[in-house]
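So this one's data_32.txt, compact mmCIF, C-alpha atoms and all ligand atoms:
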# COMPACT_ATOMS: atom_id res chain seq x y z
CA MET A 179 30.81 5.27 -31.93
CA ASN A 180 29.66 2.46 -29.75
CA ALA A 181 29.82 -0.76 -31.75
CA VAL A 182 26.44 -2.02 -30.51
CA PHE A 183 24.63 0.82 -32.24
CA ALA A 184 27.08 1.49 -35.07
CA ASN A 185 26.50 -1.95 -36.52
CA LEU A 186 22.72 -1.93 -36.26
CA PRO A 187 20.40 -1.58 -39.22
CA THR A 188 17.42 0.82 -39.02
CA SER A 189 14.47 -0.76 -37.19
CA ILE A 190 12.34 -2.93 -39.49
CA PHE A 191 9.23 -1.02 -38.39
CA GLU A 192 10.67 2.28 -39.61
CA VAL A 193 11.96 0.68 -42.83
CA MET A 194 8.61 -0.87 -43.74
CA SER A 195 6.60 2.25 -42.84
CA ARG A 196 8.89 4.32 -45.09
CA LEU A 197 8.51 1.83 -47.96
CA ALA A 198 4.73 1.85 -47.41
CA ARG A 199 4.67 5.66 -47.82
CA GLU A 200 6.94 5.55 -50.89
CA HIS A 201 4.82 2.90 -52.62
CA ARG A 202 1.44 4.17 -51.37
CA ALA A 203 0.92 0.78 -49.84
CA VAL A 204 -1.67 -0.28 -47.30
CA ASN A 205 0.50 -0.34 -44.19
CA LEU A 206 -0.07 -3.52 -42.21
CA GLY A 207 3.57 -3.53 -41.09
CA GLN A 208 4.31 -1.40 -38.03
CA GLY A 209 1.87 -2.20 -35.23
CA PHE A 210 -0.41 0.77 -34.69
CA PRO A 211 -4.20 0.90 -34.90
CA ASP A 212 -6.28 2.94 -37.35
CA ASP A 213 -8.57 3.76 -34.45
CA PRO A 214 -7.75 7.16 -32.89
CA GLY A 215 -8.23 5.82 -29.33
CA PRO A 216 -11.00 6.57 -26.81
CA GLU A 217 -12.17 10.17 -27.13
CA ASP A 218 -12.77 10.66 -23.41
CA VAL A 219 -9.17 9.68 -22.65
CA ARG A 220 -7.85 12.04 -25.34
CA ARG A 221 -10.06 14.86 -23.99
CA LYS A 222 -8.63 14.35 -20.52
CA ALA A 223 -5.14 14.78 -21.94
CA ALA A 224 -6.18 17.91 -23.86
CA GLU A 225 -7.78 19.43 -20.76
CA ALA A 226 -4.67 18.64 -18.74
CA VAL A 227 -2.48 20.40 -21.32
CA ILE A 228 -4.67 23.52 -21.21
CA SER A 229 -5.55 23.76 -17.56
CA GLY A 230 -3.34 21.27 -15.78
CA TRP A 231 0.16 21.27 -14.38
CA ASN A 232 2.71 21.08 -17.19
CA GLN A 233 5.91 21.23 -15.19
CA TYR A 234 8.00 18.25 -14.10
CA PRO A 235 5.85 15.67 -12.34
CA PRO A 236 7.35 13.53 -9.55
CA MET A 237 10.16 11.26 -10.73
CA MET A 238 8.24 8.08 -9.85
CA GLY A 239 5.11 9.28 -11.65
CA LEU A 240 1.98 11.18 -10.62
CA PRO A 241 0.54 9.69 -7.40
CA GLU A 242 -2.89 9.50 -9.04
CA LEU A 243 -1.52 7.40 -11.89
CA ARG A 244 0.42 5.11 -9.58
CA GLN A 245 -2.74 4.57 -7.57
CA ALA A 246 -4.71 3.97 -10.76
CA VAL A 247 -2.18 1.35 -11.93
CA ALA A 248 -2.43 -0.39 -8.55
CA ALA A 249 -6.24 -0.36 -8.65
CA HIS A 250 -6.22 -1.53 -12.27
CA TYR A 251 -4.01 -4.56 -11.62
CA ALA A 252 -5.87 -5.43 -8.41
CA HIS A 253 -9.12 -5.42 -10.37
CA HIS A 254 -7.99 -7.08 -13.61
CA HIS A 255 -5.25 -9.44 -12.43
CA GLY A 256 -5.89 -9.81 -8.69
CA ILE A 257 -2.39 -8.58 -7.78
CA VAL A 258 -1.87 -6.10 -4.97
CA PHE A 259 0.92 -3.55 -5.51
CA ASP A 260 1.84 -0.76 -3.13
CA PRO A 261 1.61 2.39 -5.30
CA GLU A 262 4.21 4.13 -3.12
CA ALA A 263 6.91 1.46 -3.21
CA GLU A 264 6.15 -0.89 -6.08
CA ILE A 265 4.99 1.18 -9.08
CA MET A 266 6.88 3.62 -11.30
CA ILE A 267 5.78 5.46 -14.46
CA THR A 268 8.14 5.50 -17.44
CA SER A 269 8.20 6.93 -20.96
CA GLY A 270 6.78 3.82 -22.57
CA ALA A 271 7.62 0.19 -22.04
CA THR A 272 10.82 0.74 -23.99
CA GLU A 273 12.22 3.08 -21.36
CA ALA A 274 11.13 0.68 -18.62
CA LEU A 275 12.99 -2.18 -20.32
CA ALA A 276 16.11 -0.10 -20.99
CA GLY A 277 16.19 1.14 -17.40
CA ALA A 278 15.61 -2.32 -15.95
CA LEU A 279 18.43 -3.83 -18.00
CA LEU A 280 20.82 -1.03 -17.03
CA ALA A 281 19.85 -1.38 -13.39
CA LEU A 282 19.83 -5.15 -13.09
CA ILE A 283 22.84 -6.37 -15.02
CA GLU A 284 26.56 -5.92 -14.76
CA PRO A 285 28.94 -6.41 -17.67
CA GLY A 286 29.37 -10.15 -18.24
CA ASP A 287 26.03 -11.15 -16.75
CA GLU A 288 23.93 -13.40 -18.93
CA VAL A 289 20.43 -12.56 -20.09
CA VAL A 290 18.12 -15.26 -21.47
CA LEU A 291 15.95 -14.06 -24.36
CA PHE A 292 13.37 -15.83 -26.49
CA GLN A 293 13.48 -15.52 -30.27
CA PRO A 294 11.45 -14.16 -31.99
CA MET A 295 12.14 -11.09 -29.85
CA TYR A 296 11.12 -7.46 -30.05
CA ASP A 297 13.85 -5.60 -31.89
CA ALA A 298 14.90 -3.34 -29.02
CA TYR A 299 15.82 -6.15 -26.62
CA LEU A 300 19.16 -7.34 -27.90
CA PRO A 301 20.80 -3.92 -28.43
CA LEU A 302 19.61 -2.85 -24.98
CA VAL A 303 21.00 -6.01 -23.36
CA ARG A 304 24.33 -5.64 -25.16
CA ARG A 305 24.65 -1.91 -24.45
CA ALA A 306 24.14 -2.70 -20.79
CA GLY A 307 27.06 -5.15 -21.04
CA GLY A 308 24.93 -8.28 -20.93
CA GLU A 309 25.65 -11.48 -22.81
CA ALA A 310 22.61 -12.85 -24.59
CA ARG A 311 21.64 -16.52 -24.33
CA LEU A 312 18.99 -17.14 -26.94
CA VAL A 313 16.15 -19.64 -26.84
CA ARG A 314 14.74 -20.26 -30.30
CA LEU A 315 10.98 -20.63 -30.63
CA SER A 316 9.44 -21.76 -33.88
CA PRO A 317 6.02 -22.01 -35.51
CA PRO A 318 3.35 -23.15 -35.31
CA HIS A 319 3.26 -23.36 -31.48
CA TRP A 320 6.23 -21.07 -30.58
CA ARG A 321 6.60 -22.76 -27.15
CA PHE A 322 9.65 -23.36 -24.97
CA ASP A 323 10.28 -26.51 -22.99
CA GLU A 324 12.49 -27.63 -20.14
CA ALA A 325 15.36 -28.78 -22.36
CA MET A 326 15.49 -25.40 -24.10
CA LEU A 327 15.63 -23.55 -20.78
CA ARG A 328 18.22 -25.98 -19.43
CA ALA A 329 20.47 -25.22 -22.40
CA ALA A 330 20.13 -21.45 -21.93
CA PHE A 331 20.27 -20.87 -18.17
CA SER A 332 23.55 -20.93 -16.25
CA ARG A 333 24.97 -19.73 -12.96
CA ARG A 334 25.59 -16.39 -14.68
CA THR A 335 21.95 -15.85 -15.74
CA ARG A 336 20.96 -12.64 -14.03
CA VAL A 337 17.83 -11.82 -16.05
CA VAL A 338 15.39 -13.62 -18.30
CA LEU A 339 13.38 -11.34 -20.57
CA LEU A 340 9.95 -12.70 -21.45
CA ASN A 341 7.42 -11.05 -23.74
CA ASN A 342 3.94 -12.38 -22.99
CA PRO A 343 1.64 -12.21 -24.96
CA LEU A 344 4.32 -12.57 -27.60
CA ASN A 345 4.86 -10.11 -30.45
CA PRO A 346 5.11 -11.19 -33.29
CA ALA A 347 3.94 -14.79 -32.67
CA GLY A 348 0.58 -13.83 -31.18
CA ILE A 349 0.67 -16.53 -28.49
CA VAL A 350 -0.26 -16.30 -24.81
CA CYS A 351 1.84 -18.28 -22.27
CA SER A 352 0.07 -21.05 -20.38
CA ALA A 353 0.22 -21.37 -16.58
CA ASP A 354 2.39 -24.48 -16.97
CA ASP A 355 4.94 -22.72 -19.15
CA LEU A 356 5.09 -19.75 -16.76
CA ASP A 357 5.58 -22.09 -13.81
CA LEU A 358 8.36 -23.93 -15.65
CA LEU A 359 10.14 -20.61 -16.24
CA ALA A 360 9.54 -19.65 -12.60
CA ARG A 361 11.29 -22.84 -11.46
CA PHE A 362 14.35 -21.90 -13.53
CA CYS A 363 14.36 -18.36 -12.12
CA ALA A 364 14.37 -19.81 -8.60
CA GLU A 365 17.02 -22.44 -9.37
CA PHE A 366 19.39 -19.93 -10.97
CA ASP A 367 18.45 -16.96 -8.78
CA SER A 368 17.47 -14.87 -11.80
CA VAL A 369 15.11 -11.93 -12.19
CA ALA A 370 12.32 -12.16 -14.77
CA LEU A 371 11.85 -8.98 -16.78
CA CYS A 372 8.38 -9.40 -18.16
CA ASP A 373 7.21 -7.28 -21.09
CA GLU A 374 3.43 -7.49 -20.81
CA VAL A 375 2.44 -4.57 -23.04
CA TRP A 376 -0.11 -6.81 -24.80
CA GLU A 377 -1.73 -7.97 -21.53
CA HIS A 378 -5.20 -6.67 -22.45
CA VAL A 379 -5.12 -7.67 -26.12
CA VAL A 380 -6.02 -11.37 -25.77
CA PHE A 381 -8.80 -13.22 -27.53
CA ASP A 382 -11.24 -16.12 -27.31
CA ASN A 383 -10.81 -18.03 -24.07
CA HIS A 384 -7.17 -17.01 -23.56
CA ARG A 385 -6.31 -15.26 -20.34
CA HIS A 386 -3.22 -13.23 -19.62
CA LEU A 387 -1.43 -14.51 -16.53
CA PRO A 388 1.25 -12.17 -15.18
CA LEU A 389 4.45 -14.03 -14.31
CA ILE A 390 4.76 -11.93 -11.14
CA SER A 391 1.64 -13.61 -9.77
CA ARG A 392 3.03 -17.15 -10.11
CA PRO A 393 4.39 -18.93 -7.03
CA GLY A 394 7.81 -17.69 -5.97
CA MET A 395 7.94 -14.82 -8.49
CA ARG A 396 6.60 -11.84 -6.51
CA GLU A 397 10.07 -10.76 -5.32
CA ARG A 398 11.98 -11.57 -8.50
CA THR A 399 9.84 -10.21 -11.34
CA VAL A 400 9.74 -6.82 -13.01
CA LYS A 401 6.37 -6.38 -14.71
CA VAL A 402 6.25 -3.88 -17.56
CA GLY A 403 3.04 -2.50 -19.11
CA SER A 404 2.15 0.30 -21.52
CA ALA A 405 -0.86 2.56 -21.99
CA GLY A 406 -0.08 2.61 -25.71
CA LYS A 407 -1.49 -0.87 -26.23
CA ILE A 408 -4.25 -0.66 -23.61
CA PHE A 409 -5.82 2.44 -25.21
CA SER A 410 -4.72 2.16 -28.86
CA LEU A 411 -2.57 5.27 -28.33
CA THR A 412 0.82 3.91 -29.33
CA GLY A 413 2.46 7.32 -29.66
CA TRP A 414 1.78 8.29 -26.07
CA LYS A 415 4.64 6.29 -24.59
CA VAL A 416 3.37 6.05 -21.04
CA GLY A 417 4.64 2.86 -19.43
CA PHE A 418 4.38 1.36 -15.97
CA VAL A 419 6.78 -0.85 -14.07
CA CYS A 420 5.80 -2.93 -11.06
CA ALA A 421 8.29 -4.72 -8.83
CA ALA A 422 8.94 -5.51 -5.18
CA PRO A 423 10.38 -2.53 -3.25
CA ALA A 424 14.01 -3.71 -3.18
CA VAL A 425 14.04 -4.19 -6.98
CA MET A 426 12.07 -1.00 -7.59
CA ARG A 427 14.67 1.07 -5.75
CA MET A 428 17.25 -0.04 -8.34
CA LEU A 429 14.92 0.60 -11.28
CA ALA A 430 14.19 4.11 -10.03
CA LYS A 431 17.88 4.96 -9.96
CA ALA A 432 18.22 4.11 -13.64
CA HIS A 433 14.99 5.91 -14.61
CA GLN A 434 16.02 9.14 -12.88
CA PHE A 435 18.92 9.54 -15.29
CA ILE A 436 17.25 8.34 -18.48
CA THR A 437 14.04 10.36 -18.88
CA PHE A 438 13.51 11.25 -15.20
CA THR A 439 9.80 11.89 -15.85
CA THR A 440 6.99 11.34 -18.34
CA PRO A 441 4.60 14.08 -19.62
CA PRO A 442 2.20 14.87 -16.74
CA ASN A 443 -0.83 15.61 -18.96
CA LEU A 444 -0.66 12.15 -20.52
CA GLN A 445 -0.26 10.63 -17.07
CA VAL A 446 -3.48 12.35 -15.92
CA ALA A 447 -5.37 10.95 -18.91
CA VAL A 448 -3.99 7.42 -18.48
CA ALA A 449 -4.96 7.49 -14.77
CA TYR A 450 -8.49 8.28 -15.85
CA GLY A 451 -8.47 5.62 -18.59
CA LEU A 452 -7.23 2.78 -16.38
CA GLY A 453 -10.35 3.19 -14.29
CA LYS A 454 -12.69 2.69 -17.24
CA GLU A 455 -15.45 0.18 -16.78
CA ASP A 456 -14.87 -3.47 -17.76
CA ALA A 457 -17.11 -3.01 -20.80
CA TYR A 458 -14.46 -0.78 -22.43
CA PHE A 459 -11.85 -3.55 -22.25
CA THR A 460 -14.31 -6.20 -23.38
CA ARG A 461 -15.40 -4.07 -26.36
CA MET A 462 -11.82 -3.25 -27.27
CA ARG A 463 -10.92 -6.95 -27.38
CA ALA A 464 -14.09 -7.85 -29.27
CA GLY A 465 -13.32 -5.16 -31.89
CA PHE A 466 -9.80 -6.45 -32.47
CA ALA A 467 -10.99 -10.06 -32.51
CA ALA A 468 -13.55 -9.16 -35.19
CA SER A 469 -10.78 -7.56 -37.29
CA ARG A 470 -8.58 -10.61 -36.80
CA ASP A 471 -11.43 -12.86 -37.93
CA ARG A 472 -12.26 -10.70 -40.95
CA PHE A 473 -8.64 -10.67 -42.10
CA THR A 474 -8.22 -14.40 -41.39
CA ARG A 475 -11.32 -15.21 -43.47
CA GLY A 476 -10.12 -12.98 -46.30
CA LEU A 477 -6.65 -14.54 -46.39
CA SER A 478 -8.08 -18.06 -46.16
CA ARG A 479 -10.41 -17.35 -49.08
CA LEU A 480 -7.30 -16.48 -51.09
CA GLY A 481 -5.94 -19.91 -50.25
CA LEU A 482 -3.33 -18.47 -47.85
CA LYS A 483 -2.39 -20.24 -44.63
CA VAL A 484 -2.55 -18.25 -41.40
CA LEU A 485 -1.18 -19.27 -38.00
CA PRO A 486 -3.40 -19.11 -34.90
CA CYS A 487 -3.50 -15.72 -33.14
CA GLU A 488 -4.35 -15.77 -29.42
CA GLY A 489 -3.43 -12.15 -28.68
CA THR A 490 -1.66 -8.94 -29.90
CA TYR A 491 -2.54 -6.96 -33.07
CA PHE A 492 -0.77 -9.46 -35.30
CA LEU A 493 -1.70 -12.25 -37.66
CA ASN A 494 1.01 -14.41 -39.18
CA LEU A 495 1.01 -15.84 -42.65
CA ASP A 496 2.83 -19.09 -43.35
CA ILE A 497 4.59 -18.32 -46.63
CA GLY A 498 6.47 -21.62 -46.46
CA ALA A 499 3.20 -23.18 -47.60
CA LEU A 500 3.55 -21.08 -50.79
CA GLY A 501 7.03 -22.42 -51.42
CA GLU A 502 8.57 -19.05 -50.44
CA LYS A 503 12.07 -19.34 -48.97
CA ASP A 504 12.77 -15.77 -47.78
CA ASP A 505 10.31 -13.63 -45.83
CA ALA A 506 12.36 -10.44 -46.27
CA ASP A 507 12.34 -10.76 -50.09
CA PHE A 508 8.66 -11.62 -49.96
CA CYS A 509 7.86 -8.46 -47.96
CA GLN A 510 9.91 -6.28 -50.33
CA ARG A 511 7.97 -7.66 -53.30
CA LEU A 512 4.67 -7.36 -51.50
CA VAL A 513 5.12 -3.68 -50.67
CA LYS A 514 6.58 -2.70 -54.05
CA GLU A 515 4.51 -4.83 -56.42
CA ARG A 516 1.26 -5.41 -54.52
CA GLY A 517 1.12 -2.28 -52.36
CA VAL A 518 0.77 -4.05 -49.00
CA ALA A 519 3.34 -3.62 -46.22
CA ALA A 520 4.03 -6.45 -43.75
CA ILE A 521 6.90 -7.36 -41.42
CA PRO A 522 9.25 -10.31 -42.08
CA VAL A 523 9.40 -12.34 -38.87
CA SER A 524 13.09 -13.14 -39.47
CA ALA A 525 13.75 -9.56 -38.28
CA PHE A 526 12.92 -10.78 -34.76
CA TYR A 527 15.75 -13.36 -34.80
CA GLU A 528 19.45 -12.87 -34.19
CA ASP A 529 20.45 -16.30 -35.46
CA ALA A 530 18.85 -19.23 -37.30
CA PRO A 531 15.90 -17.05 -38.32
CA VAL A 532 12.51 -18.47 -39.16
CA LYS A 533 12.08 -17.20 -42.74
CA SER A 534 8.72 -18.70 -43.53
CA VAL A 535 6.44 -16.33 -41.63
CA VAL A 536 5.23 -12.80 -42.37
CA ARG A 537 3.41 -10.61 -39.83
CA PHE A 538 0.38 -8.45 -40.65
CA CYS A 539 -1.14 -5.89 -38.26
CA PHE A 540 -4.93 -6.31 -38.31
CA ALA A 541 -5.72 -3.44 -35.90
CA LYS A 542 -7.26 -1.55 -38.81
CA THR A 543 -10.66 -0.48 -40.10
CA ASP A 544 -12.61 -2.96 -42.21
CA ALA A 545 -11.98 -0.69 -45.20
CA THR A 546 -8.20 -0.85 -44.70
CA LEU A 547 -8.24 -4.64 -44.28
CA ASP A 548 -10.48 -5.08 -47.32
CA ALA A 549 -8.25 -2.81 -49.41
CA ALA A 550 -5.25 -4.96 -48.46
CA LEU A 551 -7.15 -8.17 -49.28
CA GLU A 552 -8.19 -6.77 -52.65
CA ARG A 553 -4.55 -6.09 -53.48
CA LEU A 554 -3.44 -9.50 -52.24
CA ALA A 555 -6.16 -11.12 -54.38
CA LYS A 556 -4.09 -10.11 -57.44
CA GLY A 557 -1.46 -12.60 -56.30
CA VAL A 558 1.26 -12.70 -53.66
N1 LIG B 1 7.45 -4.37 -26.25
C1 LIG B 1 6.72 -4.98 -27.18
C2 LIG B 1 6.66 -6.47 -27.21
C3 LIG B 1 6.03 -4.23 -28.13
O1 LIG B 1 5.31 -4.85 -29.07
C4 LIG B 1 6.12 -2.82 -28.08
C5 LIG B 1 5.45 -1.94 -29.08
N2 LIG B 1 4.57 -2.51 -29.89
C6 LIG B 1 6.88 -2.24 -27.07
C7 LIG B 1 7.54 -3.04 -26.18
C8 LIG B 1 7.03 -0.76 -26.98
O2 LIG B 1 6.13 -0.17 -26.10
P1 LIG B 1 6.15 1.39 -25.85
O3 LIG B 1 5.66 2.05 -27.07
O4 LIG B 1 5.25 1.59 -24.67
O5 LIG B 1 7.57 1.77 -25.55
N1 LIG B 2 5.74 -2.45 -31.44
C1 LIG B 2 5.41 -2.08 -32.77
C2 LIG B 2 5.35 -3.34 -33.64
O1 LIG B 2 5.66 -4.41 -33.21
C3 LIG B 2 6.40 -1.16 -33.38
C4 LIG B 2 7.01 -0.15 -32.50
C5 LIG B 2 8.11 0.56 -33.23
O2 LIG B 2 7.92 0.99 -34.35
N2 LIG B 2 9.25 0.63 -32.62
O3 LIG B 2 4.99 -3.21 -34.76

Rewrite the structure of this file - the entire thing - as structure tokens.
Ligand code: PMP
Ligand code: GLN
Amino acid sequence: MNAVFANLPTSIFEVMSRLAREHRAVNLGQGFPDDPGPEDVRRKAAEAVISGWNQYPPMMGLPELRQAVAAHYAHHHGIVFDPEAEIMITSGATEALAGALLALIEPGDEVVLFQPMYDAYLPLVRRAGGEARLVRLSPPHWRFDEAMLRAAFSRRTRVVLLNNPLNPAGIVCSADDLDLLARFCAEFDSVALCDEVWEHVVFDNHRHLPLISRPGMRERTVKVGSAGKIFSLTGWKVGFVCAAPAVMRMLAKAHQFITFTTPPNLQVAVAYGLGKEDAYFTRMRAGFAASRDRFTRGLSRLGLKVLPCEGTYFLNLDIGALGEKDDADFCQRLVKERGVAAIPVSAFYEDAPVKSVVRFCFAKTDATLDAALERLAKGV
């Protein structure tokens, strides 16, 4: 057995969803919406299964989807990608990240990661032979600064992996912070692997700025997106990677021997969906923002302290304010005794975990959120 995987616990998302089923809890743990996703997009997929081409699509992805991704980013982010040379379709963002790490690093290379980090990152870095250099972010602002980057980057830093907007913290990186990171990438000749799956799920006056569009980053950034988060279809696992041609050639070599392709029927439907009118994206954001606000109000009425949420499906509760010392224990009690599942944020840390924050997924119907609040009203 390979030691990287042999020593890993089961993913916290799987653990909490199982506990939620066992205890008939309201599941606000694993991040998936109650909403079934746009019906027109699902119909497109169904039609493509029945009457479309269901054999292997091209390794790089269906041309119509690659063109749709290019048109989508040109329209929404003002970035021009060549669909032939700079865009590849993968089986979710996870495959894109795994492939990029395998393609970009050699054993012994260093990879800078920001804690809290999505649970797949560290095992994927280590399995690819990378050595992790961790930057520790902490509430309430979860920001990095120059001194933190200076302590993490070295001549051996090949890749820095940034998740923006950040799951689980719910923050969106500012232009200044992105430009600071860009300066380090240039100084240390590193590639930025940017997990932007939450790019459309941003609220209020926050705007998602892709790192690849910042000065000096066009040739040294791998931008990763996912249809799962854009269309509330998390099980679809259709991801997209954008990078300059020289980098993309490397990424394609890894992808061809991981999944090789991604289901063509889902690709057809995502190509259609990416072209939806702006109103769809505006409504989607407004719907999630309304759920965030409803849940925030409910928790505040119970005297609970929530942290600001600028993007993602997640709202964080500051349990330190309740005198709680251990988020994992708190979540176990909450699911077993109160019937509400949440995620302990310490699960996103490898060392020196923040143990005072618990993550709730608010991408749920009002009825689901209210049911959770009713249970929490009995005490936490
Ligand atoms: N990265 C982050 C930060 C995520 O939150 C998620 C899933 N929520 C993923 C990657 C996985 O994306 P996919 O399902 O497209 O593999
Ligand atoms: N990304 C989802 C979350 O943060 C979970 C995905 C998974 O279960 N691996 O909740």

Per residue of chain A within 6 Å of ligand LIG 2 (chain B), which atom pair is closest and at what distance in Å (one decimal), using all atoms listed in the file, listed by chain and increasing number, as a Markdown table?
| residue | atom | partner | partner_atom | distance |
| --- | --- | --- | --- | --- |
| A:Phe191 | CA | B:LIG2 | O2 | 4.7 |
| A:Gln208 | CA | B:LIG2 | O3 | 3.8 |
| A:Gly209 | CA | B:LIG2 | O3 | 3.3 |

Exercise for review: Find the residues around range 448-459 of chain A up to 8 Å (all atoms listed in the file counted), leave out those fewer than 6 positions away in its own chain, and share them as a list in words.
Suggested key: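 My reading of the contact set: Val219, Lys222, Glu242, Leu243, Arg244, Ala246, Val247, Ala249, His250, His378, Ala405, Phe409 and Val416 of chain A.
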
Check your understanding: Residues at most 8 Å from ligand LIG 1 (chain B), using all atoms listed in the file? Could they come as number ranges by chain?
Key -> A: 209-210, 269-274, 295-296, 298, 341-346, 373-376, 403-407, 412-417

Padded axis-aligned box of range 460-463 of chain A (3 Å per side), centre and edge lengths, Å, one decimal, as AutoDock Vina command-line options:
--center_x -13.2 --center_y -5.1 --center_z -25.4 --size_x 10.5 --size_y 9.7 --size_z 10.0

Check your understanding: Taking into account all atoms listed in the file, which residue in the set A:Thr543, A:Ser352, A:Gln510, A:Thr399 is nearest to Arg385 in chain A?
Key ->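 That would be A:Ser352, the residue with the smallest distance to Arg385 in chain A.
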
Point to revise | Between CA of Ala519 in chain A and CA of Leu206 in chain A - distance in Å to one decimal | key: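 Between CA of Leu206 in chain A and CA of Ala519 in chain A the gap is 5.3 Å.
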
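Minimum distance to Phe259 in chain A across A:Val558, A:Met426, A:Leu485, A:Leu300 (counting all atoms listed in the file) occurs at A:Met426.
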
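Compared by their closest atoms to Glu262 in chain A, and using all atoms listed in the file, the residues A:Phe508, A:Leu327, A:Glu552, A:Ala422 rank with A:Ala422 nearest.
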
Exercise for review: Determine, counting all atoms listed in the file, which protein, DNA and RNA residues have an atom within 10 Å of an atom of Glu528 in chain A; residues of the same chain fewer than 2 positions away are not included. Present the result as a VMD selection string.
Suggested key: chain A and resid 293 to 295 297 300 312 314 524 to 526 530 to 531

Keeping C-alpha atoms, export the residues of the selection given above as a short mmCIF file (atom, residue, chain, number, x, y, z; two decimals), in the coordinates of the input.
data_model
loop_
_atom_site.label_atom_id
_atom_site.label_comp_id
_atom_site.auth_asym_id
_atom_site.auth_seq_id
_atom_site.Cartn_x
_atom_site.Cartn_y
_atom_site.Cartn_z
CA GLN A 293 13.48 -15.52 -30.27
CA PRO A 294 11.45 -14.16 -31.99
CA MET A 295 12.14 -11.09 -29.85
CA ASP A 297 13.85 -5.60 -31.89
CA LEU A 300 19.16 -7.34 -27.90
CA LEU A 312 18.99 -17.14 -26.94
CA ARG A 314 14.74 -20.26 -30.30
CA SER A 524 13.09 -13.14 -39.47
CA ALA A 525 13.75 -9.56 -38.28
CA PHE A 526 12.92 -10.78 -34.76
CA ALA A 530 18.85 -19.23 -37.30
CA PRO A 531 15.90 -17.05 -38.32
#

Who sits within 10 Å of Ala424 in chain A, only C-alpha atoms, same chain under 3 positions skipped, as an mmCIF file with C-alpha atoms, in the coordinates of the input:
data_model
loop_
_atom_site.group_PDB
_atom_site.id
_atom_site.type_symbol
_atom_site.label_atom_id
_atom_site.label_comp_id
_atom_site.auth_asym_id
_atom_site.auth_seq_id
_atom_site.Cartn_x
_atom_site.Cartn_y
_atom_site.Cartn_z
ATOM 1 C CA ALA A 263 6.910 1.460 -3.210
ATOM 2 C CA GLU A 264 6.150 -0.890 -6.080
ATOM 3 C CA GLU A 397 10.070 -10.760 -5.320
ATOM 4 C CA ARG A 398 11.980 -11.570 -8.500
ATOM 5 C CA ALA A 421 8.290 -4.720 -8.830
ATOM 6 C CA ARG A 427 14.670 1.070 -5.750
ATOM 7 C CA MET A 428 17.250 -0.040 -8.340
ATOM 8 C CA LEU A 429 14.920 0.600 -11.280
#

Check your understanding: Which distance in Å separates CA of Leu315 in chain A and CA of Gly465 in chain A, to one decimal?
Key -> 28.8 Å

**Study point:** Nearest to Leu280 in chain A by atom-to-atom distance, counting only C-alpha atoms, from A:Ile436, A:Val193, A:Ala464, A:Val513
**Key:**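 Nearest to Leu280 in chain A: A:Ile436.
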